[in-house]
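A.B. asks: Structure file model-v4.txt (compact mmCIF, C-alpha atoms) right here:
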```
# COMPACT_ATOMS: atom_id res chain seq x y z
CA MET A 788 33.53 -10.27 -9.48
CA LEU A 789 33.63 -10.58 -5.77
CA ILE A 790 30.10 -9.43 -5.44
CA ALA A 791 28.81 -11.25 -8.44
CA LEU A 792 25.96 -12.96 -6.74
CA LEU A 793 24.73 -9.64 -5.64
CA ALA A 794 23.43 -9.38 -9.15
CA ALA A 795 21.33 -12.44 -8.63
CA TYR A 796 20.03 -11.16 -5.37
CA PHE A 797 19.10 -7.83 -6.74
CA SER A 798 17.77 -9.22 -9.93
CA PHE A 799 15.10 -10.54 -7.62
CA MET A 800 13.61 -7.12 -8.01
CA ALA A 801 13.77 -7.34 -11.77
CA PHE A 802 10.17 -8.26 -12.23
CA PHE A 803 9.19 -5.05 -10.55
CA GLY A 804 11.59 -2.92 -12.53
CA ALA A 805 9.82 -0.79 -15.04
CA GLY A 806 10.86 -0.60 -18.61
CA GLY A 807 12.86 -3.75 -19.10
CA ASP A 808 12.30 -6.51 -21.56
CA GLY A 809 10.35 -9.40 -20.20
CA HIS A 810 9.72 -7.88 -16.84
CA PHE A 811 6.60 -7.48 -14.83
CA GLY A 812 7.16 -3.76 -14.62
CA GLN A 813 6.86 -3.12 -18.30
CA LEU A 814 3.30 -4.35 -18.26
CA THR A 815 2.28 -2.36 -15.26
CA THR A 816 3.84 0.98 -15.80
CA GLN A 817 5.56 2.11 -18.91
CA TYR A 818 2.89 1.58 -21.52
CA VAL A 819 -0.18 0.81 -19.52
CA GLY A 820 -1.24 4.38 -18.89
CA ASP A 821 -1.65 5.13 -22.59
CA GLN A 822 -3.49 1.87 -23.09
CA ILE A 823 -5.89 2.61 -20.26
CA GLU A 824 -6.60 5.99 -21.82
CA ALA A 825 -7.31 4.36 -25.14
CA THR A 826 -9.24 1.35 -23.93
CA ILE A 827 -11.53 2.37 -21.09
CA GLN A 828 -14.27 4.49 -22.55
CA ASP A 829 -16.13 5.29 -19.35
CA LYS A 830 -14.60 8.48 -18.02
CA ASP A 831 -15.02 7.75 -14.32
CA ARG A 832 -13.64 4.24 -14.53
CA ARG A 833 -10.76 5.41 -16.71
CA LYS A 834 -9.87 8.08 -14.19
CA ALA A 835 -10.05 5.61 -11.32
CA ALA A 836 -7.94 3.05 -13.18
CA LEU A 837 -5.28 5.64 -13.92
CA LYS A 838 -5.26 6.66 -10.28
CA GLY A 839 -4.83 3.02 -9.39
CA LEU A 840 -1.96 2.74 -11.82
CA ASP A 841 -0.29 5.67 -10.10
CA LEU A 842 -0.36 3.70 -6.87
CA VAL A 843 1.17 0.69 -8.58
CA ASN A 844 3.90 2.92 -9.95
CA GLU A 845 4.57 4.25 -6.47
CA ASP A 846 4.78 0.71 -5.15
CA ILE A 847 7.34 -0.18 -7.78
CA ALA A 848 9.34 2.93 -6.94
CA ASP A 849 9.24 2.01 -3.25
CA PHE A 850 10.37 -1.51 -4.05
CA ASN A 851 13.25 -0.30 -6.16
CA LYS A 852 14.30 2.17 -3.48
CA GLN A 853 14.37 -0.58 -0.93
CA VAL A 854 16.51 -2.69 -3.19
CA SER A 855 18.85 0.24 -3.74
CA ASP A 856 19.13 0.85 0.00
CA ASP A 857 19.85 -2.83 0.57
CA LEU A 858 22.51 -2.71 -2.09
CA ASN A 859 24.26 0.12 -0.28
CA THR A 860 24.09 -1.74 3.00
CA LEU A 861 25.41 -4.92 1.44
CA GLU A 862 28.26 -3.05 -0.16
CA LYS A 863 29.30 -1.72 3.23
CA LEU A 864 29.16 -5.18 4.77
CA ILE A 865 31.29 -6.64 2.02
CA ARG A 866 33.87 -3.90 2.22
CA ASP A 867 34.08 -4.12 5.97
CA TYR A 868 36.61 -6.84 6.72
CA ASP A 869 35.27 -7.13 10.25
CA SER A 870 31.64 -7.63 9.37
CA LYS A 871 30.13 -10.89 10.55
CA PRO A 872 28.03 -13.55 8.83
CA THR A 873 25.20 -12.61 11.14
CA ASP A 874 25.32 -9.09 9.74
CA PHE A 875 24.66 -10.53 6.30
CA ASP A 876 21.96 -12.81 7.61
CA GLY A 877 20.25 -9.88 9.26
CA LEU A 878 20.29 -7.89 6.07
CA PHE A 879 18.98 -10.77 3.99
CA SER A 880 16.24 -11.48 6.49
CA ASP A 881 15.18 -7.86 6.81
CA SER A 882 15.30 -7.40 3.07
CA LEU A 883 13.16 -10.42 2.44
CA ALA A 884 10.57 -9.33 4.97
CA GLU A 885 10.41 -5.88 3.46
CA ASN A 886 10.22 -7.35 -0.04
CA LEU A 887 7.27 -9.49 0.92
CA LYS A 888 5.48 -6.55 2.47
CA LEU A 889 5.99 -4.43 -0.61
CA GLU A 890 5.00 -7.26 -2.94
CA GLU A 891 1.76 -7.71 -1.05
CA LYS A 892 1.01 -4.02 -1.26
CA LEU A 893 1.82 -4.02 -4.96
CA TRP A 894 -0.53 -6.87 -5.61
CA LYS A 895 -3.25 -5.32 -3.49
CA ASP A 896 -2.99 -2.07 -5.42
CA ARG A 897 -2.97 -3.96 -8.71
CA GLN A 898 -6.18 -5.67 -7.70
CA ALA A 899 -7.70 -2.34 -6.70
CA MET A 900 -6.78 -0.94 -10.10
CA LEU A 901 -8.40 -3.89 -11.82
CA LYS A 902 -11.67 -3.25 -10.03
CA HIS A 903 -12.12 -0.31 -12.38
CA THR A 904 -11.29 -2.42 -15.42
CA GLU A 905 -13.28 -5.09 -17.19
CA ALA A 906 -11.57 -8.37 -18.02
CA HIS A 907 -11.76 -7.79 -21.76
CA GLU A 908 -10.41 -4.28 -21.29
CA TRP A 909 -7.46 -5.55 -19.31
CA GLN A 910 -6.72 -8.05 -22.01
CA ALA A 911 -6.74 -5.26 -24.58
CA ILE A 912 -4.59 -3.06 -22.35
CA MET A 913 -2.01 -5.77 -21.93
CA GLN A 914 -1.97 -6.60 -25.61
CA GLY A 915 -1.60 -2.93 -26.43
CA ALA A 916 1.18 -2.50 -23.90
CA LYS A 917 3.03 -5.46 -25.35
CA ALA A 918 2.64 -4.14 -28.88
CA GLU A 919 3.74 -0.68 -27.87
CA GLN A 920 6.73 -2.05 -26.04
CA LYS A 921 7.67 -4.13 -29.05
CA THR A 922 7.35 -1.16 -31.37
CA LYS A 923 9.51 1.02 -29.16
CA ALA A 924 12.12 -1.71 -28.95
CA GLU A 925 12.43 -1.99 -32.72
CA MET B 695 22.51 6.22 -13.79
CA LYS B 696 25.80 7.38 -12.27
CA ILE B 697 26.77 4.30 -10.40
CA ILE B 698 30.26 3.79 -11.68
CA PRO B 699 31.29 7.41 -11.18
CA ARG B 700 29.93 7.15 -7.68
CA TYR B 701 31.94 4.15 -6.78
CA GLY B 702 34.66 4.70 -9.31
CA LYS B 703 37.41 2.20 -9.29
CA ALA B 704 36.83 1.61 -5.63
CA LEU B 705 34.79 -1.46 -6.25
CA LEU B 706 35.25 -2.93 -9.65
CA SER B 707 33.47 -6.06 -8.68
CA LEU B 708 30.48 -4.09 -7.59
CA SER B 709 30.41 -2.34 -10.92
CA MET B 710 30.12 -5.68 -12.61
CA VAL B 711 27.36 -6.68 -10.30
CA LEU B 712 25.55 -3.48 -10.88
CA THR B 713 25.99 -3.91 -14.58
CA LEU B 714 24.24 -7.21 -14.40
CA TRP B 715 21.65 -5.80 -12.11
CA LEU B 716 20.89 -2.99 -14.46
CA VAL B 717 20.80 -5.27 -17.45
CA VAL B 718 18.46 -7.60 -15.69
CA SER B 719 16.27 -5.06 -14.02
CA CYS B 720 16.13 -2.24 -16.46
CA GLY B 721 16.70 -3.85 -19.79
CA SER B 722 17.43 -1.45 -22.59
CA SER B 723 16.85 1.62 -20.48
CA HIS B 724 20.45 1.59 -19.32
CA THR B 725 23.73 1.05 -21.03
CA PRO B 726 25.72 -1.80 -19.54
CA LEU B 727 28.62 -0.36 -17.60
CA VAL B 728 31.12 -3.17 -17.82
CA PRO B 729 30.69 -6.39 -19.77
CA TYR B 730 30.43 -9.24 -17.34
CA ASP B 731 33.18 -11.38 -18.85
CA GLU B 732 35.48 -8.40 -18.96
CA ALA B 733 34.86 -7.59 -15.33
CA ALA B 734 35.45 -11.20 -14.36
CA SER B 735 38.81 -11.19 -16.03
CA GLN B 736 39.55 -7.89 -14.32
CA TRP B 737 38.84 -9.54 -11.00
CA ASP B 738 41.52 -12.09 -11.77
CA ALA B 739 43.86 -9.26 -12.69
CA ILE B 740 43.15 -7.44 -9.44
CA VAL B 741 43.84 -10.59 -7.48
CA ASP B 742 47.14 -11.03 -9.31
CA GLU B 743 48.00 -7.43 -8.61
CA HIS B 744 47.44 -7.55 -4.89
CA ILE B 745 47.99 -11.15 -3.88
CA SER B 746 51.51 -12.23 -4.56
CA ASP B 747 51.12 -15.69 -3.13
CA ALA B 748 50.15 -17.88 -6.07
CA GLN B 749 48.22 -20.44 -4.08
CA ARG B 750 46.08 -17.89 -2.31
CA ALA B 751 45.52 -16.02 -5.53
CA ASP B 752 44.40 -19.19 -7.20
CA ARG B 753 41.96 -19.92 -4.41
CA LEU B 754 40.53 -16.42 -4.63
CA LYS B 755 40.02 -16.81 -8.37
CA ARG B 756 38.31 -20.13 -7.86
CA LEU B 757 36.01 -18.61 -5.29
CA GLY B 758 35.25 -15.89 -7.80
CA LEU B 759 34.36 -18.58 -10.27
CA GLN B 760 31.96 -20.07 -7.76
CA LEU B 761 30.24 -16.73 -7.49
CA ASP B 762 30.03 -16.58 -11.23
CA ARG B 763 28.35 -19.97 -11.42
CA LEU B 764 26.03 -19.18 -8.58
CA GLN B 765 24.98 -15.97 -10.21
CA ALA B 766 24.36 -17.68 -13.52
CA SER B 767 22.20 -20.32 -11.89
CA LEU B 768 20.04 -17.84 -10.05
CA LYS B 769 19.81 -15.60 -13.07
CA THR B 770 18.14 -18.46 -14.93
CA ASP B 771 15.68 -18.88 -12.09
CA VAL B 772 14.96 -15.17 -12.11
CA ALA B 773 14.23 -15.23 -15.82
CA ALA B 774 11.76 -18.06 -15.36
CA LEU B 775 10.10 -16.26 -12.48
CA ASN B 776 9.83 -13.10 -14.53
CA GLU B 777 7.94 -14.96 -17.20
CA GLU B 778 5.65 -16.49 -14.64
CA LEU B 779 4.86 -13.14 -13.07
CA ILE B 780 4.28 -11.51 -16.41
CA ALA B 781 1.73 -14.20 -17.17
CA LEU B 782 0.06 -13.62 -13.82
CA ASN B 783 -0.14 -9.91 -14.42
CA VAL B 784 -1.65 -10.37 -17.84
CA ASP B 785 -4.22 -12.75 -16.41
CA TYR B 786 -7.09 -10.65 -15.09
CA ALA B 787 -8.25 -13.47 -12.84
CA SER B 788 -4.93 -14.28 -11.20
CA THR B 789 -4.95 -14.10 -7.43
CA LYS B 790 -2.66 -13.14 -4.61
CA ASP B 791 -2.25 -16.82 -3.86
CA ASP B 792 -1.03 -17.35 -7.42
CA MET B 793 1.59 -14.69 -6.91
CA GLN B 794 2.67 -15.99 -3.54
CA GLN B 795 2.98 -19.49 -4.89
CA ALA B 796 5.22 -18.28 -7.67
CA LEU B 797 7.36 -16.27 -5.30
CA SER B 798 7.73 -18.84 -2.56
CA ALA B 799 9.55 -21.37 -4.71
CA PHE B 800 11.94 -18.76 -5.95
CA THR B 801 12.46 -17.30 -2.49
CA HIS B 802 13.65 -20.68 -1.27
CA LYS B 803 16.24 -20.84 -4.03
CA ARG B 804 17.23 -17.25 -3.46
CA ASN B 805 17.79 -17.77 0.25
CA ALA B 806 19.96 -20.82 -0.37
CA ALA B 807 21.98 -18.87 -2.90
CA LEU B 808 22.44 -15.96 -0.53
CA MET B 809 23.78 -18.26 2.14
CA GLU B 810 26.24 -19.70 -0.35
CA TYR B 811 27.16 -16.23 -1.44
CA ARG B 812 27.82 -15.18 2.13
CA ASP B 813 29.96 -18.25 2.72
CA ILE B 814 32.03 -17.55 -0.36
CA ILE B 815 32.65 -14.01 0.80
CA PHE B 816 33.94 -15.25 4.13
CA SER B 817 36.00 -17.97 2.47
CA MET B 818 37.63 -15.22 0.47
CA ARG B 819 38.33 -13.19 3.58
CA GLN B 820 40.00 -16.15 5.18
CA GLU B 821 42.53 -16.03 2.38
CA VAL B 822 43.51 -12.41 2.86
CA SER B 823 44.50 -9.91 5.50
CA ALA B 824 42.45 -6.84 6.27
CA GLU B 825 44.92 -4.77 4.25
CA GLU B 826 44.73 -7.10 1.28
CA TRP B 827 40.97 -7.12 1.45
CA GLN B 828 40.95 -3.37 1.44
CA ALA B 829 43.27 -3.37 -1.56
CA LEU B 830 41.02 -5.78 -3.43
CA MET B 831 38.06 -3.56 -2.69
CA GLU B 832 39.85 -0.36 -3.61
```
Give the structure from the file, written as structure tokens.
C.D. replies:
Amino acid sequence: MLIALLAAYFSFMAFFGAGGDGHFGQLTTQYVGDQIEATIQDKDRRKAALKGLDLVNEDIADFNKQVSDDLNTLEKLIRDYDSKPTDFDGLFSDSLAENLKLEEKLWKDRQAMLKHTEAHEWQAIMQGAKAEQKTKAE
Amino acid sequence: MKIIPRYGKALLSLSMVLTLWLVVSCGSSHTPLVPYDEAASQWDAIVDEHISDAQRADRLKRLGLQLDRLQASLKTDVAALNEELIALNVDYASTKDDMQQALSAFTHKRNAALMEYRDIIFSMRQEVSAEEWQALME
């Protein structure tokens, strides 16, 4: 209970978490690879798009690792009776800066992936990913 | 994910936080560890166990309630942001500026919440000794 808001803080990463309902991650990672395979007919573009997706996946993994590391640091600060408000502020500030950096990289790599995908293909990929996610959830 | 075994009983409150975090971030891919309401009531029980002074115990419970409300508020904001980012990801033509615009509004709310969270933590510490704090954490 004491650390309840920690949930809110770390749920900030939720939209980059793969596999969850209603989260950004589900549409970038879990089902997208299969949909790219099925949708992009041109072999070279398909290969490039899948390579781009790998980078996006790595970005998400990096983001989640950073959040996990921050969680460990925050836990230590909370447990330490002698920790100072400035210690918390420093963590929050550093975390935010790192988040922003990783978000920018994620978006950049998403855009690079899309360069190998036509707009109508992306629409089909997203629709397929949604449908696949829904089927798996049932 | 072996979070609870890792921390064990040492930080019940953290387990609840992590439960929420996992629910929010990973959806159905993880089993909730401790129901939130249950953990909240356990926090009250832990306070009663370690803080014999009724007035201080009551204040600690109230502060816990503040955390609960704060978390709930930000969780709603996170859900809305998730939806917004999902829409951006689906949209082939969305830009980095679109993403940054979506994130900036939420970041402002998040930062305010984190400051409140920090203040609640230190308000709690003002109510207890180092030994009591350790007991609450353990």
A.B. asks: Would you mind reading off the distance between CA of Met793 in chain B and CA of Glu778 in chain B, one decimal, in Å?
C.D. replies: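 Rounded to one decimal, the two atoms are 8.9 Å apart.
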A.B. asks: Go through B:Ala773, B:Met818, B:Val784, B:Leu759 and flag the residue nearest Asp738 in chain B, using only C-alpha atoms for the distances.
C.D. replies: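 Using only C-alpha atoms, Asp738 in chain B sits closest to B:Leu759.
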A.B. asks: CA of Thr860 in chain A and CA of Ile847 in chain A are how many Å apart?
C.D. replies: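 Answer for the CA of Thr860 in chain A to CA of Ile847 in chain A separation: 20.0 Å.
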A.B. asks: Between A:Ala918, A:Ile823, A:Ala835, A:Ala924, which has the minimum distance to chain B (counting all atoms listed in the file)?
C.D. replies: A:Ala924
A.B. asks: Choose the residue, out of B:Ile740, B:Leu830, B:Leu761, B:Ile745, that has the smallest atom-to-atom separation from chain A; count all atoms listed in the file.
C.D. replies: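 Nearest candidate to chain A out of B:Ile740, B:Leu830, B:Leu761, B:Ile745: B:Leu761.
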A.B. asks: Quick one: residues within 7 Å of range 903-917 of chain A, all atoms listed in the file, excluding same-chain residues fewer than 4 positions away - as a PDB file with C-alpha atoms, in the frame of the given file?
C.D. replies:
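Output (out.pdb):
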```
ATOM      1  CA  LEU A 814       3.300  -4.350 -18.260  1.00  0.00           C
ATOM      2  CA  TYR A 818       2.890   1.580 -21.520  1.00  0.00           C
ATOM      3  CA  VAL A 819      -0.180   0.810 -19.520  1.00  0.00           C
ATOM      4  CA  GLN A 822      -3.490   1.870 -23.090  1.00  0.00           C
ATOM      5  CA  ILE A 823      -5.890   2.610 -20.260  1.00  0.00           C
ATOM      6  CA  THR A 826      -9.240   1.350 -23.930  1.00  0.00           C
ATOM      7  CA  ILE A 827     -11.530   2.370 -21.090  1.00  0.00           C
ATOM      8  CA  ARG A 832     -13.640   4.240 -14.530  1.00  0.00           C
ATOM      9  CA  ALA A 835     -10.050   5.610 -11.320  1.00  0.00           C
ATOM     10  CA  ALA A 836      -7.940   3.050 -13.180  1.00  0.00           C
ATOM     11  CA  LYS A 921       7.670  -4.130 -29.050  1.00  0.00           C
TER      12      LYS A 921
ATOM     13  CA  VAL B 784      -1.650 -10.370 -17.840  1.00  0.00           C
ATOM     14  CA  TYR B 786      -7.090 -10.650 -15.090  1.00  0.00           C
TER      15      TYR B 786
END
```
A.B. asks: Using all atoms listed in the file, what table do you get, as a tab-separated table, when you list each residue of range 773-820 of chain B with an atom no more than 10 Å from range 870-881 of chain A, its nearest pair of atoms, and their distance in Å rounded to one decimal, rows by chain then rising number?
C.D. replies:
```
residue	atom	partner	partner_atom	distance
B:Asn805	CA	A:Phe879	CA	8.0
B:Leu808	CA	A:Phe879	CA	7.7
B:Met809	CA	A:Asp876	CA	7.9
B:Tyr811	CA	A:Phe875	CA	9.9
B:Arg812	CA	A:Pro872	CA	6.9
B:Asp813	CA	A:Pro872	CA	7.9
B:Ile815	CA	A:Pro872	CA	9.3
B:Phe816	CA	A:Pro872	CA	7.7
```
A.B. asks: Any idea what's packed within 9 Å of His744 in chain B, counting only C-alpha atoms, ignoring anything in its chain fewer than 2 positions away? Could you give it as an MDAnalysis selection string?
C.D. replies: chainID B and resid 739:742 746 751 826 829:830
A.B. asks: Would you save the residues of that selection, restricted to C-alpha atoms, as a short mmCIF file (atom, residue, chain, number, x, y, z; two decimals), in the frame of the given file?
C.D. replies:
```cif
data_model
loop_
_atom_site.label_atom_id
_atom_site.label_comp_id
_atom_site.auth_asym_id
_atom_site.auth_seq_id
_atom_site.Cartn_x
_atom_site.Cartn_y
_atom_site.Cartn_z
CA ALA B 739 43.86 -9.26 -12.69
CA ILE B 740 43.15 -7.44 -9.44
CA VAL B 741 43.84 -10.59 -7.48
CA ASP B 742 47.14 -11.03 -9.31
CA SER B 746 51.51 -12.23 -4.56
CA ALA B 751 45.52 -16.02 -5.53
CA GLU B 826 44.73 -7.10 1.28
CA ALA B 829 43.27 -3.37 -1.56
CA LEU B 830 41.02 -5.78 -3.43
#
```
A.B. asks: Report, in Å with one decimal, the straight-line distance from CA of Leu779 in chain B to CA of Asp856 in chain A.
C.D. replies: 23.9 Å
A.B. asks: Which is closer to Lys838 in chain A than all the others in A:Ser882, A:Lys888, A:Asp869, A:Gly820, using all atoms listed in the file?
C.D. replies: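 Counting all atoms listed in the file, the residue closest to Lys838 in chain A is A:Gly820.
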A.B. asks: Select, from B:Lys755, B:Arg819, B:Lys803, B:Arg763, the residue with the minimum atom-to-atom distance to Gln736 in chain B, counting all atoms listed in the file.
C.D. replies: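 Comparing B:Lys755, B:Arg819, B:Lys803, B:Arg763 against Gln736 in chain B, the winner is B:Lys755.
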A.B. asks: Near Leu842 in chain A, counting all atoms listed in the file, which residues have an atom at most 12 Å away, once you skip same-chain residues fewer than 6 positions from it, shown as a PyMOL selection string?
C.D. replies: chain A and resi 815-816+835-836+848-849+892-900
A.B. asks: Neighbours of Asp792 in chain B within 12 Å (all atoms listed in the file; same-chain residues fewer than 2 positions away dropped), as a PyMOL selection string?
C.D. replies: (chain A and resi 891+894) or (chain B and resi 778-783+785-790+794-799)
A.B. asks: Restricting the calculation to all atoms listed in the file: of B:Asp791, B:Glu777, B:Glu743, B:Asp752, which residue gets closest to chain A?
C.D. replies: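 Residue with the minimum atom-to-atom distance to chain A: B:Glu777.
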A.B. asks: Which neighbours of Arg750 in chain B fall inside 8 Å, counting all atoms listed in the file, when residues of the same chain fewer than 4 positions from it are skipped, and could you give them as a PyMOL selection string?
C.D. replies: chain B and resi 745+754+821-822
A.B. asks: Residues of the last selection are to be written out with C-alpha atoms, as a compact mmCIF listing (two decimals), in the frame of the given file.
C.D. replies:
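Saved file out-v7.txt follows:
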```txt
# COMPACT_ATOMS: atom_id res chain seq x y z
CA ILE B 745 47.99 -11.15 -3.88
CA LEU B 754 40.53 -16.42 -4.63
CA GLU B 821 42.53 -16.03 2.38
CA VAL B 822 43.51 -12.41 2.86
```
A.B. asks: Please rebuild range 854-884 of chain A with N, CA and C atoms and return the result as a PDB file, in the coordinates of the input.
C.D. replies:
```
ATOM      1  N   VAL A 854      15.427  -1.889  -2.629  1.00  0.00           N
ATOM      2  CA  VAL A 854      16.510  -2.690  -3.190  1.00  0.00           C
ATOM      3  C   VAL A 854      17.797  -1.874  -3.259  1.00  0.00           C
ATOM      4  N   SER A 855      17.672  -0.627  -3.655  1.00  0.00           N
ATOM      5  CA  SER A 855      18.850   0.240  -3.740  1.00  0.00           C
ATOM      6  C   SER A 855      19.469   0.448  -2.360  1.00  0.00           C
ATOM      7  N   ASP A 856      18.630   0.670  -1.372  1.00  0.00           N
ATOM      8  CA  ASP A 856      19.130   0.850   0.000  1.00  0.00           C
ATOM      9  C   ASP A 856      19.835  -0.423   0.482  1.00  0.00           C
ATOM     10  N   ASP A 857      19.236  -1.567   0.173  1.00  0.00           N
ATOM     11  CA  ASP A 857      19.850  -2.830   0.570  1.00  0.00           C
ATOM     12  C   ASP A 857      21.200  -3.026  -0.113  1.00  0.00           C
ATOM     13  N   LEU A 858      21.259  -2.602  -1.351  1.00  0.00           N
ATOM     14  CA  LEU A 858      22.510  -2.710  -2.090  1.00  0.00           C
ATOM     15  C   LEU A 858      23.611  -1.906  -1.405  1.00  0.00           C
ATOM     16  N   ASN A 859      23.274  -0.712  -0.974  1.00  0.00           N
ATOM     17  CA  ASN A 859      24.260   0.120  -0.280  1.00  0.00           C
ATOM     18  C   ASN A 859      24.705  -0.534   1.021  1.00  0.00           C
ATOM     19  N   THR A 860      23.738  -1.084   1.743  1.00  0.00           N
ATOM     20  CA  THR A 860      24.090  -1.740   3.000  1.00  0.00           C
ATOM     21  C   THR A 860      24.972  -2.958   2.765  1.00  0.00           C
ATOM     22  N   LEU A 861      24.619  -3.725   1.752  1.00  0.00           N
ATOM     23  CA  LEU A 861      25.410  -4.920   1.440  1.00  0.00           C
ATOM     24  C   LEU A 861      26.817  -4.545   1.017  1.00  0.00           C
ATOM     25  N   GLU A 862      26.931  -3.497   0.263  1.00  0.00           N
ATOM     26  CA  GLU A 862      28.260  -3.050  -0.160  1.00  0.00           C
ATOM     27  C   GLU A 862      29.133  -2.742   1.055  1.00  0.00           C
ATOM     28  N   LYS A 863      28.538  -2.065   2.026  1.00  0.00           N
ATOM     29  CA  LYS A 863      29.300  -1.720   3.230  1.00  0.00           C
ATOM     30  C   LYS A 863      29.727  -2.970   3.991  1.00  0.00           C
ATOM     31  N   LEU A 864      28.820  -3.935   4.066  1.00  0.00           N
ATOM     32  CA  LEU A 864      29.160  -5.180   4.770  1.00  0.00           C
ATOM     33  C   LEU A 864      30.299  -5.909   4.077  1.00  0.00           C
ATOM     34  N   ILE A 865      30.248  -5.927   2.768  1.00  0.00           N
ATOM     35  CA  ILE A 865      31.290  -6.640   2.020  1.00  0.00           C
ATOM     36  C   ILE A 865      32.637  -5.942   2.183  1.00  0.00           C
ATOM     37  N   ARG A 866      32.617  -4.644   2.121  1.00  0.00           N
ATOM     38  CA  ARG A 866      33.870  -3.900   2.220  1.00  0.00           C
ATOM     39  C   ARG A 866      34.482  -3.976   3.611  1.00  0.00           C
ATOM     40  N   ASP A 867      33.618  -4.113   4.593  1.00  0.00           N
ATOM     41  CA  ASP A 867      34.080  -4.120   5.970  1.00  0.00           C
ATOM     42  C   ASP A 867      34.646  -5.507   6.319  1.00  0.00           C
ATOM     43  N   TYR A 868      35.935  -5.559   6.456  1.00  0.00           N
ATOM     44  CA  TYR A 868      36.610  -6.840   6.720  1.00  0.00           C
ATOM     45  C   TYR A 868      36.123  -7.469   8.028  1.00  0.00           C
ATOM     46  N   ASP A 869      35.676  -6.633   8.934  1.00  0.00           N
ATOM     47  CA  ASP A 869      35.270  -7.130  10.250  1.00  0.00           C
ATOM     48  C   ASP A 869      33.776  -7.435  10.359  1.00  0.00           C
ATOM     49  N   SER A 870      33.067  -7.287   9.297  1.00  0.00           N
ATOM     50  CA  SER A 870      31.640  -7.630   9.370  1.00  0.00           C
ATOM     51  C   SER A 870      31.477  -9.132   9.577  1.00  0.00           C
ATOM     52  N   LYS A 871      30.362  -9.495  10.157  1.00  0.00           N
ATOM     53  CA  LYS A 871      30.130 -10.890  10.550  1.00  0.00           C
ATOM     54  C   LYS A 871      29.051 -11.534   9.671  1.00  0.00           C
ATOM     55  N   PRO A 872      29.098 -12.860   9.587  1.00  0.00           N
ATOM     56  CA  PRO A 872      28.030 -13.550   8.830  1.00  0.00           C
ATOM     57  C   PRO A 872      26.630 -13.181   9.314  1.00  0.00           C
ATOM     58  N   THR A 873      26.527 -12.971  10.613  1.00  0.00           N
ATOM     59  CA  THR A 873      25.200 -12.610  11.140  1.00  0.00           C
ATOM     60  C   THR A 873      24.731 -11.247  10.631  1.00  0.00           C
ATOM     61  N   ASP A 874      25.703 -10.386  10.315  1.00  0.00           N
ATOM     62  CA  ASP A 874      25.320  -9.090   9.740  1.00  0.00           C
ATOM     63  C   ASP A 874      24.664  -9.304   8.376  1.00  0.00           C
ATOM     64  N   PHE A 875      25.241 -10.217   7.610  1.00  0.00           N
ATOM     65  CA  PHE A 875      24.660 -10.530   6.300  1.00  0.00           C
ATOM     66  C   PHE A 875      23.293 -11.177   6.460  1.00  0.00           C
ATOM     67  N   ASP A 876      23.238 -12.114   7.396  1.00  0.00           N
ATOM     68  CA  ASP A 876      21.960 -12.810   7.610  1.00  0.00           C
ATOM     69  C   ASP A 876      20.854 -11.834   7.989  1.00  0.00           C
ATOM     70  N   GLY A 877      21.235 -10.877   8.840  1.00  0.00           N
ATOM     71  CA  GLY A 877      20.250  -9.880   9.260  1.00  0.00           C
ATOM     72  C   GLY A 877      19.751  -9.053   8.093  1.00  0.00           C
ATOM     73  N   LEU A 878      20.680  -8.669   7.241  1.00  0.00           N
ATOM     74  CA  LEU A 878      20.290  -7.890   6.070  1.00  0.00           C
ATOM     75  C   LEU A 878      19.384  -8.696   5.154  1.00  0.00           C
ATOM     76  N   PHE A 879      19.790  -9.935   4.894  1.00  0.00           N
ATOM     77  CA  PHE A 879      18.980 -10.770   3.990  1.00  0.00           C
ATOM     78  C   PHE A 879      17.581 -10.983   4.548  1.00  0.00           C
ATOM     79  N   SER A 880      17.535 -11.228   5.846  1.00  0.00           N
ATOM     80  CA  SER A 880      16.240 -11.480   6.490  1.00  0.00           C
ATOM     81  C   SER A 880      15.353 -10.232   6.450  1.00  0.00           C
ATOM     82  N   ASP A 881      15.949  -9.109   6.816  1.00  0.00           N
ATOM     83  CA  ASP A 881      15.180  -7.860   6.810  1.00  0.00           C
ATOM     84  C   ASP A 881      14.723  -7.508   5.401  1.00  0.00           C
ATOM     85  N   SER A 882      15.613  -7.724   4.456  1.00  0.00           N
ATOM     86  CA  SER A 882      15.300  -7.400   3.070  1.00  0.00           C
ATOM     87  C   SER A 882      14.144  -8.252   2.564  1.00  0.00           C
ATOM     88  N   LEU A 883      14.217  -9.518   2.889  1.00  0.00           N
ATOM     89  CA  LEU A 883      13.160 -10.420   2.440  1.00  0.00           C
ATOM     90  C   LEU A 883      11.814 -10.024   3.029  1.00  0.00           C
ATOM     91  N   ALA A 884      11.825  -9.722   4.314  1.00  0.00           N
ATOM     92  CA  ALA A 884      10.570  -9.330   4.970  1.00  0.00           C
ATOM     93  C   ALA A 884       9.992  -8.067   4.334  1.00  0.00           C
TER      94      ALA A 884
END
```
